[in-house]
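Contents: one structure, followed by commentary.
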Amino acid sequence: DHGLSEADPRVRTIIDKEKQRQFKSLELIASENFTSRAVMEAVGSCLTNKYSEGLPGKRYYGGNEYIDELETLCQERALAAFHLDGEKWGVNVQPLSGSPANFEVYTALLNPHDRIMGLDLPHGGHLSHGFMTPKRRVSGTSIYFESMPYRLDESTGIVDYDMLEKTAILFRPKLIIAGASAYPRDFDYPRMRKIADAVGAFLMMDMAHISGLIAASVVADPFEYCDIVTTTTHKSLRGPRGGMIFFTREPVLGVDLESAVNNAVFPGLQGGPHNHTIGGLAVCLNYAQSPEFKAYQRKVVSNCRALADRLIELGYKLVSGGTDNHLVLVDLRPLGIDGARAEKILDMASITLNKNSVPGDKSALVPGGIRIGSPAMTTRGFTEKEFIATADFIHEGVKLTVEAKRSVSGSKLQDFMKFIGSPDFALMDRVSD
Ligand code: PLP
């Protein structure tokens with residue numbers, strides 16, 4: 001049995017190239033992070049070999065005594081990392097990722113065509129919260145359930161809770177979803193709880209982006225107000241790619257959430273759990289209880305604030321005017337450019353971030369903004385000073401984008417891409433000036 005270099009040099013080479021890319025670039029994608037060596041070791045271990053359908057002590061396969069020990073430990077650590085009392089809350093650590101975790105919750109709580117309300121994707125929500133366009137039901141969530149999005153107040157960039165309340169009273173959803181993929185502010189959980197109670201809906205928080213910040217208590221705690229909390233494990237939490245579902249043990253609206261969620265995960269939507277991921281997650285959740293982790297999360301927020309302040313100083317318009325968490329959303333429309341062009345040019349300068357729609361956008365393919373996150377570079381040791389320098393680099397890239405757009409006749413994105421790849425626009429020379 002050979003190691004990877006011998007057994008498959010082609011894949012080895014691709015991994016090496018990706019490692020170099022990760023090493024060399026400024027990684028500013030808000031949903032990404034660098035997990036620890038200890039997590040990687042668990043994820044690359046023999047745990048991947050084992051089948052263990054079911055839950056600890058109730059498996060459909062033999063040979064699971066150590067897997068039972070591992071999953072139980074992971075559950076205990078998950079509750080401890082989020083300061084939860086095991087009498088009141090339970091957790092399922094088997095979801096394969098964030099989108100399956102969300103769909104498992106919908107399967108647990110809803111019947112087909114029941115109504116849900118989540119934050120609209122162009123306003124910062126996630127696909128799996130029910131996204132659809134006027135022409136097409138895009139996410140499976142909007143195919144199998146009836147989705148009515150809520151939105152931001154475009155003048156403030158903050159969730160329009162008044163409109164959410166009015167719409168909920170008319171639409172009568174069975175589930176309201178808090179949480180987002182591109183929202184720089186905290187959610188008003190007490191207000192959302194009140195709205196959910198007024199219409200007899202479950203309240204779920206998808207804390208995927210900010211679960212690390214929540215574990216470190218640097219943003220508000222959704223567990224005080226929600227019935228169900230889902231998360232990915234690979235974003236600010238710094239774990240392996242995976243998902244978790246937390247549920248209250250008390251029945252809600254007549255539903256026993258524990259059995260409903262556990263059955264939705266298996267046999268509802270999944271088969272065997274990915275035990276190597278659960279191993280990595282247990283490692284991550286142990287670290288999440290340490291003082292170093294809490295200090296790291298505080299830095300994620302203060303670094304992001306330093307980045308936001310510098311961008312504001314440079315004249316940029318930020319959605320909501322700033323940030324309370326790990327990300328900022330920059331509206332590039334006042335400069336006459338869009339996020340797709342800026343993303344491309346910044347990518348050529350090894351600054352990795354993503355185009356993102358901003359409130360009022362017409363197109364999701366050519367959206368008006370960019371999303372910038374602080375978790376990954378904070379893991380690599382960046383302080384506020386380096387994030388201020390990062391804002392300055394981004395500014396250079398944006399200026400080049402403005403210049404390049406002016407130089408291209410017409411405004412088609414494809415022509416623009418051709419131009420910036422051509423010798424007429426020697427980007428690298430200019431960035432190194
Ligand atoms: N929920 C939110 C809020 C997210 O931002 C994401 C991914 O970015 C997901 C769920 C989905 O996670 P995954 O990509 O692991 O399915």
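In the structure tokens, chains take the letters A, B, ... in the order shown, each chain's residues start at 1, and ligands count up from 1 in the order shown.
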If the limit is 6 Å from any atom of ligand 1, counting only C-alpha atoms and all ligand atoms, which residues qualify? Return them as a PyMOL selection string. chain A and resi 31+97-99+126+179-181+206+208-209+232
Give the strand (DSSP E or B) residues of range 182-292 of chain A, as assigned by DSSP on the backbone, as JSON, numbers by chain. {"A": [202, 203, 204, 205, 206, 228, 229, 230, 231, 232, 243, 244, 245, 246, 247, 248, 252, 255]}
Go ahead and dump the residues you just picked, N, CA, C and O atoms, as a compact mmCIF listing (two decimals), in the first residue's frame.
```
# COMPACT_ATOMS: atom_id res chain seq x y z
N PHE A 202 -42.33 27.72 14.21
CA PHE A 202 -41.04 27.37 14.82
C PHE A 202 -40.05 28.47 14.46
O PHE A 202 -40.14 29.07 13.39
N LEU A 203 -39.07 28.69 15.36
CA LEU A 203 -37.99 29.62 15.04
C LEU A 203 -36.68 28.86 14.99
O LEU A 203 -36.28 28.21 15.97
N MET A 204 -36.03 28.94 13.82
CA MET A 204 -34.74 28.27 13.63
C MET A 204 -33.67 29.32 13.35
O MET A 204 -33.94 30.31 12.68
N MET A 205 -32.47 29.11 13.89
CA MET A 205 -31.33 29.95 13.53
C MET A 205 -30.32 29.08 12.79
O MET A 205 -29.93 28.02 13.30
N ASP A 206 -29.92 29.52 11.61
CA ASP A 206 -28.81 28.88 10.89
C ASP A 206 -27.58 29.75 11.19
O ASP A 206 -27.38 30.80 10.58
N ILE A 228 -34.58 25.57 17.34
CA ILE A 228 -33.64 24.72 16.59
C ILE A 228 -32.51 25.61 16.10
O ILE A 228 -32.76 26.73 15.64
N VAL A 229 -31.27 25.12 16.20
CA VAL A 229 -30.13 25.88 15.67
C VAL A 229 -29.31 24.94 14.80
O VAL A 229 -28.92 23.85 15.25
N THR A 230 -29.06 25.35 13.55
CA THR A 230 -28.20 24.54 12.67
C THR A 230 -26.89 25.27 12.43
O THR A 230 -26.81 26.49 12.60
N THR A 231 -25.90 24.52 12.01
CA THR A 231 -24.63 25.17 11.66
C THR A 231 -23.81 24.30 10.72
O THR A 231 -23.98 23.07 10.71
N THR A 232 -22.94 24.94 9.96
CA THR A 232 -21.83 24.23 9.36
C THR A 232 -20.72 24.23 10.41
O THR A 232 -20.81 24.94 11.41
N GLY A 243 -21.79 19.44 9.45
CA GLY A 243 -22.95 20.18 9.94
C GLY A 243 -23.42 19.64 11.28
O GLY A 243 -23.07 18.51 11.66
N MET A 244 -24.20 20.44 12.00
CA MET A 244 -24.81 20.00 13.26
C MET A 244 -26.20 20.59 13.36
O MET A 244 -26.48 21.65 12.82
N ILE A 245 -27.06 19.89 14.09
CA ILE A 245 -28.40 20.40 14.40
C ILE A 245 -28.60 20.31 15.91
O ILE A 245 -28.52 19.23 16.49
N PHE A 246 -28.85 21.45 16.54
CA PHE A 246 -29.19 21.50 17.96
C PHE A 246 -30.70 21.63 18.08
O PHE A 246 -31.32 22.40 17.35
N PHE A 247 -31.29 20.91 19.04
CA PHE A 247 -32.76 20.97 19.22
C PHE A 247 -33.08 21.03 20.70
O PHE A 247 -32.35 20.47 21.53
N THR A 248 -34.18 21.72 21.03
CA THR A 248 -34.62 21.75 22.42
C THR A 248 -35.28 20.41 22.75
O THR A 248 -35.93 19.79 21.89
N VAL A 252 -42.09 21.26 21.04
CA VAL A 252 -42.48 22.59 20.59
C VAL A 252 -43.63 22.42 19.60
O VAL A 252 -43.52 21.60 18.67
N VAL A 255 -44.50 18.99 18.78
CA VAL A 255 -43.55 18.11 18.10
C VAL A 255 -42.37 17.78 19.03
O VAL A 255 -41.79 18.67 19.64
```
Using only C-alpha atoms, which residues of range 176-235 of chain A come within 12 Å of range 148-164 of chain A, and what is the closest atom pair for each, with the distance in Å to one decimal? Give it as JSON lines, sorted by chain and residue number.
```
{"residue": "A:Ile176", "atom": "CA", "partner": "A:Tyr150", "partner_atom": "CA", "distance": 9.6}
{"residue": "A:Ile177", "atom": "CA", "partner": "A:Pro149", "partner_atom": "CA", "distance": 9.7}
{"residue": "A:Ala178", "atom": "CA", "partner": "A:Tyr150", "partner_atom": "CA", "distance": 10.1}
{"residue": "A:Gly179", "atom": "CA", "partner": "A:Val159", "partner_atom": "CA", "distance": 10.8}
{"residue": "A:Ala180", "atom": "CA", "partner": "A:Val159", "partner_atom": "CA", "distance": 10.7}
{"residue": "A:Ala182", "atom": "CA", "partner": "A:Gly157", "partner_atom": "CA", "distance": 11.2}
{"residue": "A:Tyr183", "atom": "CA", "partner": "A:Ile158", "partner_atom": "CA", "distance": 8.5}
{"residue": "A:Pro184", "atom": "CA", "partner": "A:Ile158", "partner_atom": "CA", "distance": 9.0}
{"residue": "A:Arg185", "atom": "CA", "partner": "A:Ile158", "partner_atom": "CA", "distance": 7.4}
{"residue": "A:Asp186", "atom": "CA", "partner": "A:Ile158", "partner_atom": "CA", "distance": 9.1}
{"residue": "A:Phe187", "atom": "CA", "partner": "A:Val159", "partner_atom": "CA", "distance": 8.0}
{"residue": "A:Asp188", "atom": "CA", "partner": "A:Tyr161", "partner_atom": "CA", "distance": 8.5}
{"residue": "A:Tyr189", "atom": "CA", "partner": "A:Tyr161", "partner_atom": "CA", "distance": 10.6}
{"residue": "A:Pro190", "atom": "CA", "partner": "A:Tyr161", "partner_atom": "CA", "distance": 11.1}
{"residue": "A:Arg191", "atom": "CA", "partner": "A:Tyr161", "partner_atom": "CA", "distance": 7.6}
{"residue": "A:Met192", "atom": "CA", "partner": "A:Tyr161", "partner_atom": "CA", "distance": 7.7}
{"residue": "A:Arg193", "atom": "CA", "partner": "A:Tyr161", "partner_atom": "CA", "distance": 11.3}
{"residue": "A:Lys194", "atom": "CA", "partner": "A:Tyr161", "partner_atom": "CA", "distance": 10.7}
{"residue": "A:Ile195", "atom": "CA", "partner": "A:Leu164", "partner_atom": "CA", "distance": 8.1}
{"residue": "A:Ala196", "atom": "CA", "partner": "A:Leu164", "partner_atom": "CA", "distance": 10.2}
{"residue": "A:Ala198", "atom": "CA", "partner": "A:Leu164", "partner_atom": "CA", "distance": 11.9}
{"residue": "A:Val199", "atom": "CA", "partner": "A:Leu164", "partner_atom": "CA", "distance": 11.5}
```
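For Asn275 in chain A, the list of residues within 9 Å, based on only C-alpha atoms and with local chain neighbours fewer than 6 positions off taken out, reads Val43, Leu47, Thr48, Asn49, Lys50, Tyr51, Ser52, Ile67, Leu70, Glu71 and Gln94 of chain A.
Near Leu4 in chain A, within 12 Å and counting only C-alpha atoms, sit Asp8, Pro9, Arg10, Val11, Arg12, Thr13, Ile14, Ile15 and Asp16 of chain A; same-chain residues fewer than 4 positions away were not included.
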Preceding selection exported with all heavy atoms as a PDB file, in the first residue's frame:
```
ATOM      1  N   ASP A   8      -0.592   7.949  -6.624  1.00  0.00           N
ATOM      2  CA  ASP A   8      -1.311   8.803  -7.572  1.00  0.00           C
ATOM      3  C   ASP A   8      -0.664  10.192  -7.624  1.00  0.00           C
ATOM      4  O   ASP A   8      -1.170  11.163  -7.058  1.00  0.00           O
ATOM      5  CB  ASP A   8      -2.793   8.910  -7.145  1.00  0.00           C
ATOM      6  CG  ASP A   8      -3.646   9.464  -8.261  1.00  0.00           C
ATOM      7  OD1 ASP A   8      -3.124  10.209  -9.104  1.00  0.00           O
ATOM      8  OD2 ASP A   8      -4.857   9.149  -8.281  1.00  0.00           O
ATOM      9  N   PRO A   9       0.462  10.259  -8.335  1.00  0.00           N
ATOM     10  CA  PRO A   9       1.197  11.532  -8.376  1.00  0.00           C
ATOM     11  C   PRO A   9       0.369  12.683  -8.942  1.00  0.00           C
ATOM     12  O   PRO A   9       0.589  13.834  -8.588  1.00  0.00           O
ATOM     13  CB  PRO A   9       2.405  11.231  -9.276  1.00  0.00           C
ATOM     14  CG  PRO A   9       2.261   9.837  -9.742  1.00  0.00           C
ATOM     15  CD  PRO A   9       1.134   9.174  -9.052  1.00  0.00           C
ATOM     16  N   ARG A  10      -0.576  12.347  -9.818  1.00  0.00           N
ATOM     17  CA  ARG A  10      -1.363  13.419 -10.437  1.00  0.00           C
ATOM     18  C   ARG A  10      -2.198  14.154  -9.382  1.00  0.00           C
ATOM     19  O   ARG A  10      -2.231  15.380  -9.319  1.00  0.00           O
ATOM     20  CB  ARG A  10      -2.277  12.792 -11.482  1.00  0.00           C
ATOM     21  CG  ARG A  10      -2.711  13.810 -12.460  1.00  0.00           C
ATOM     22  CD  ARG A  10      -2.979  13.284 -13.820  1.00  0.00           C
ATOM     23  NE  ARG A  10      -3.723  14.324 -14.500  1.00  0.00           N
ATOM     24  CZ  ARG A  10      -4.659  14.107 -15.376  1.00  0.00           C
ATOM     25  NH1 ARG A  10      -4.972  12.894 -15.727  1.00  0.00           N
ATOM     26  NH2 ARG A  10      -5.284  15.118 -15.928  1.00  0.00           N
ATOM     27  N   VAL A  11      -2.884  13.357  -8.536  1.00  0.00           N
ATOM     28  CA  VAL A  11      -3.694  13.980  -7.479  1.00  0.00           C
ATOM     29  C   VAL A  11      -2.772  14.679  -6.480  1.00  0.00           C
ATOM     30  O   VAL A  11      -3.052  15.791  -6.024  1.00  0.00           O
ATOM     31  CB  VAL A  11      -4.604  12.933  -6.788  1.00  0.00           C
ATOM     32  CG1 VAL A  11      -5.243  13.514  -5.532  1.00  0.00           C
ATOM     33  CG2 VAL A  11      -5.687  12.458  -7.733  1.00  0.00           C
ATOM     34  N   ARG A  12      -1.638  14.040  -6.173  1.00  0.00           N
ATOM     35  CA  ARG A  12      -0.669  14.658  -5.239  1.00  0.00           C
ATOM     36  C   ARG A  12      -0.272  16.059  -5.739  1.00  0.00           C
ATOM     37  O   ARG A  12      -0.232  17.024  -4.993  1.00  0.00           O
ATOM     38  CB  ARG A  12       0.560  13.747  -5.128  1.00  0.00           C
ATOM     39  CG  ARG A  12       1.706  14.239  -4.257  1.00  0.00           C
ATOM     40  CD  ARG A  12       1.385  14.159  -2.784  1.00  0.00           C
ATOM     41  NE  ARG A  12       0.999  15.436  -2.233  1.00  0.00           N
ATOM     42  CZ  ARG A  12       0.515  15.604  -1.014  1.00  0.00           C
ATOM     43  NH1 ARG A  12       0.316  14.582  -0.201  1.00  0.00           N
ATOM     44  NH2 ARG A  12       0.183  16.790  -0.586  1.00  0.00           N
ATOM     45  N   THR A  13      -0.018  16.144  -7.053  1.00  0.00           N
ATOM     46  CA  THR A  13       0.419  17.423  -7.634  1.00  0.00           C
ATOM     47  C   THR A  13      -0.688  18.465  -7.541  1.00  0.00           C
ATOM     48  O   THR A  13      -0.432  19.629  -7.227  1.00  0.00           O
ATOM     49  CB  THR A  13       0.814  17.208  -9.119  1.00  0.00           C
ATOM     50  OG1 THR A  13       1.793  16.178  -9.146  1.00  0.00           O
ATOM     51  CG2 THR A  13       1.378  18.461  -9.737  1.00  0.00           C
ATOM     52  N   ILE A  14      -1.908  18.042  -7.803  1.00  0.00           N
ATOM     53  CA  ILE A  14      -3.026  19.003  -7.711  1.00  0.00           C
ATOM     54  C   ILE A  14      -3.146  19.507  -6.272  1.00  0.00           C
ATOM     55  O   ILE A  14      -3.308  20.708  -6.024  1.00  0.00           O
ATOM     56  CB  ILE A  14      -4.354  18.358  -8.187  1.00  0.00           C
ATOM     57  CG1 ILE A  14      -4.276  18.029  -9.689  1.00  0.00           C
ATOM     58  CG2 ILE A  14      -5.533  19.294  -7.915  1.00  0.00           C
ATOM     59  CD1 ILE A  14      -5.442  17.204 -10.213  1.00  0.00           C
ATOM     60  N   ILE A  15      -3.051  18.590  -5.304  1.00  0.00           N
ATOM     61  CA  ILE A  15      -3.148  19.009  -3.893  1.00  0.00           C
ATOM     62  C   ILE A  15      -2.010  19.976  -3.562  1.00  0.00           C
ATOM     63  O   ILE A  15      -2.228  21.008  -2.913  1.00  0.00           O
ATOM     64  CB  ILE A  15      -3.128  17.783  -2.942  1.00  0.00           C
ATOM     65  CG1 ILE A  15      -4.379  16.929  -3.146  1.00  0.00           C
ATOM     66  CG2 ILE A  15      -3.021  18.234  -1.478  1.00  0.00           C
ATOM     67  CD1 ILE A  15      -4.391  15.626  -2.351  1.00  0.00           C
ATOM     68  N   ASP A  16      -0.812  19.675  -4.039  1.00  0.00           N
ATOM     69  CA  ASP A  16       0.327  20.566  -3.754  1.00  0.00           C
ATOM     70  C   ASP A  16       0.099  21.955  -4.336  1.00  0.00           C
ATOM     71  O   ASP A  16       0.415  22.967  -3.713  1.00  0.00           O
ATOM     72  CB  ASP A  16       1.627  19.970  -4.310  1.00  0.00           C
ATOM     73  CG  ASP A  16       2.061  18.746  -3.501  1.00  0.00           C
ATOM     74  OD1 ASP A  16       1.542  18.564  -2.372  1.00  0.00           O
ATOM     75  OD2 ASP A  16       2.891  17.960  -3.997  1.00  0.00           O
TER      76      ASP A  16
END
```
Any chance you could list, as a ChimeraX atom specification, the residues in range 104-192 of chain A that come up helix (DSSP H, G or I) when DSSP is run on the backbone? /A:104-109,121-123,127-129,140-144,161-171,189-192
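All residues of protein, DNA or RNA that reach within 8 Å of range 376-393 of chain A, judged by only C-alpha atoms and not counting those fewer than 5 positions away in the chain, are Leu26, Glu27, Leu28, Ile29, Ala30, Glu32, Asn33, Phe34, Tyr296, Lys299, Val300, Ser302, Asn303, Cys304, Ala306, Leu307, Arg310 and Leu311 of chain A.
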Can you pull out every residue within 8 Å of Phe103 in chain A, counting only C-alpha atoms, but drop anything in the same chain fewer than 4 positions away, and send it as a list in words? Ser99, Thr107, Ser128 and Thr141 of chain A
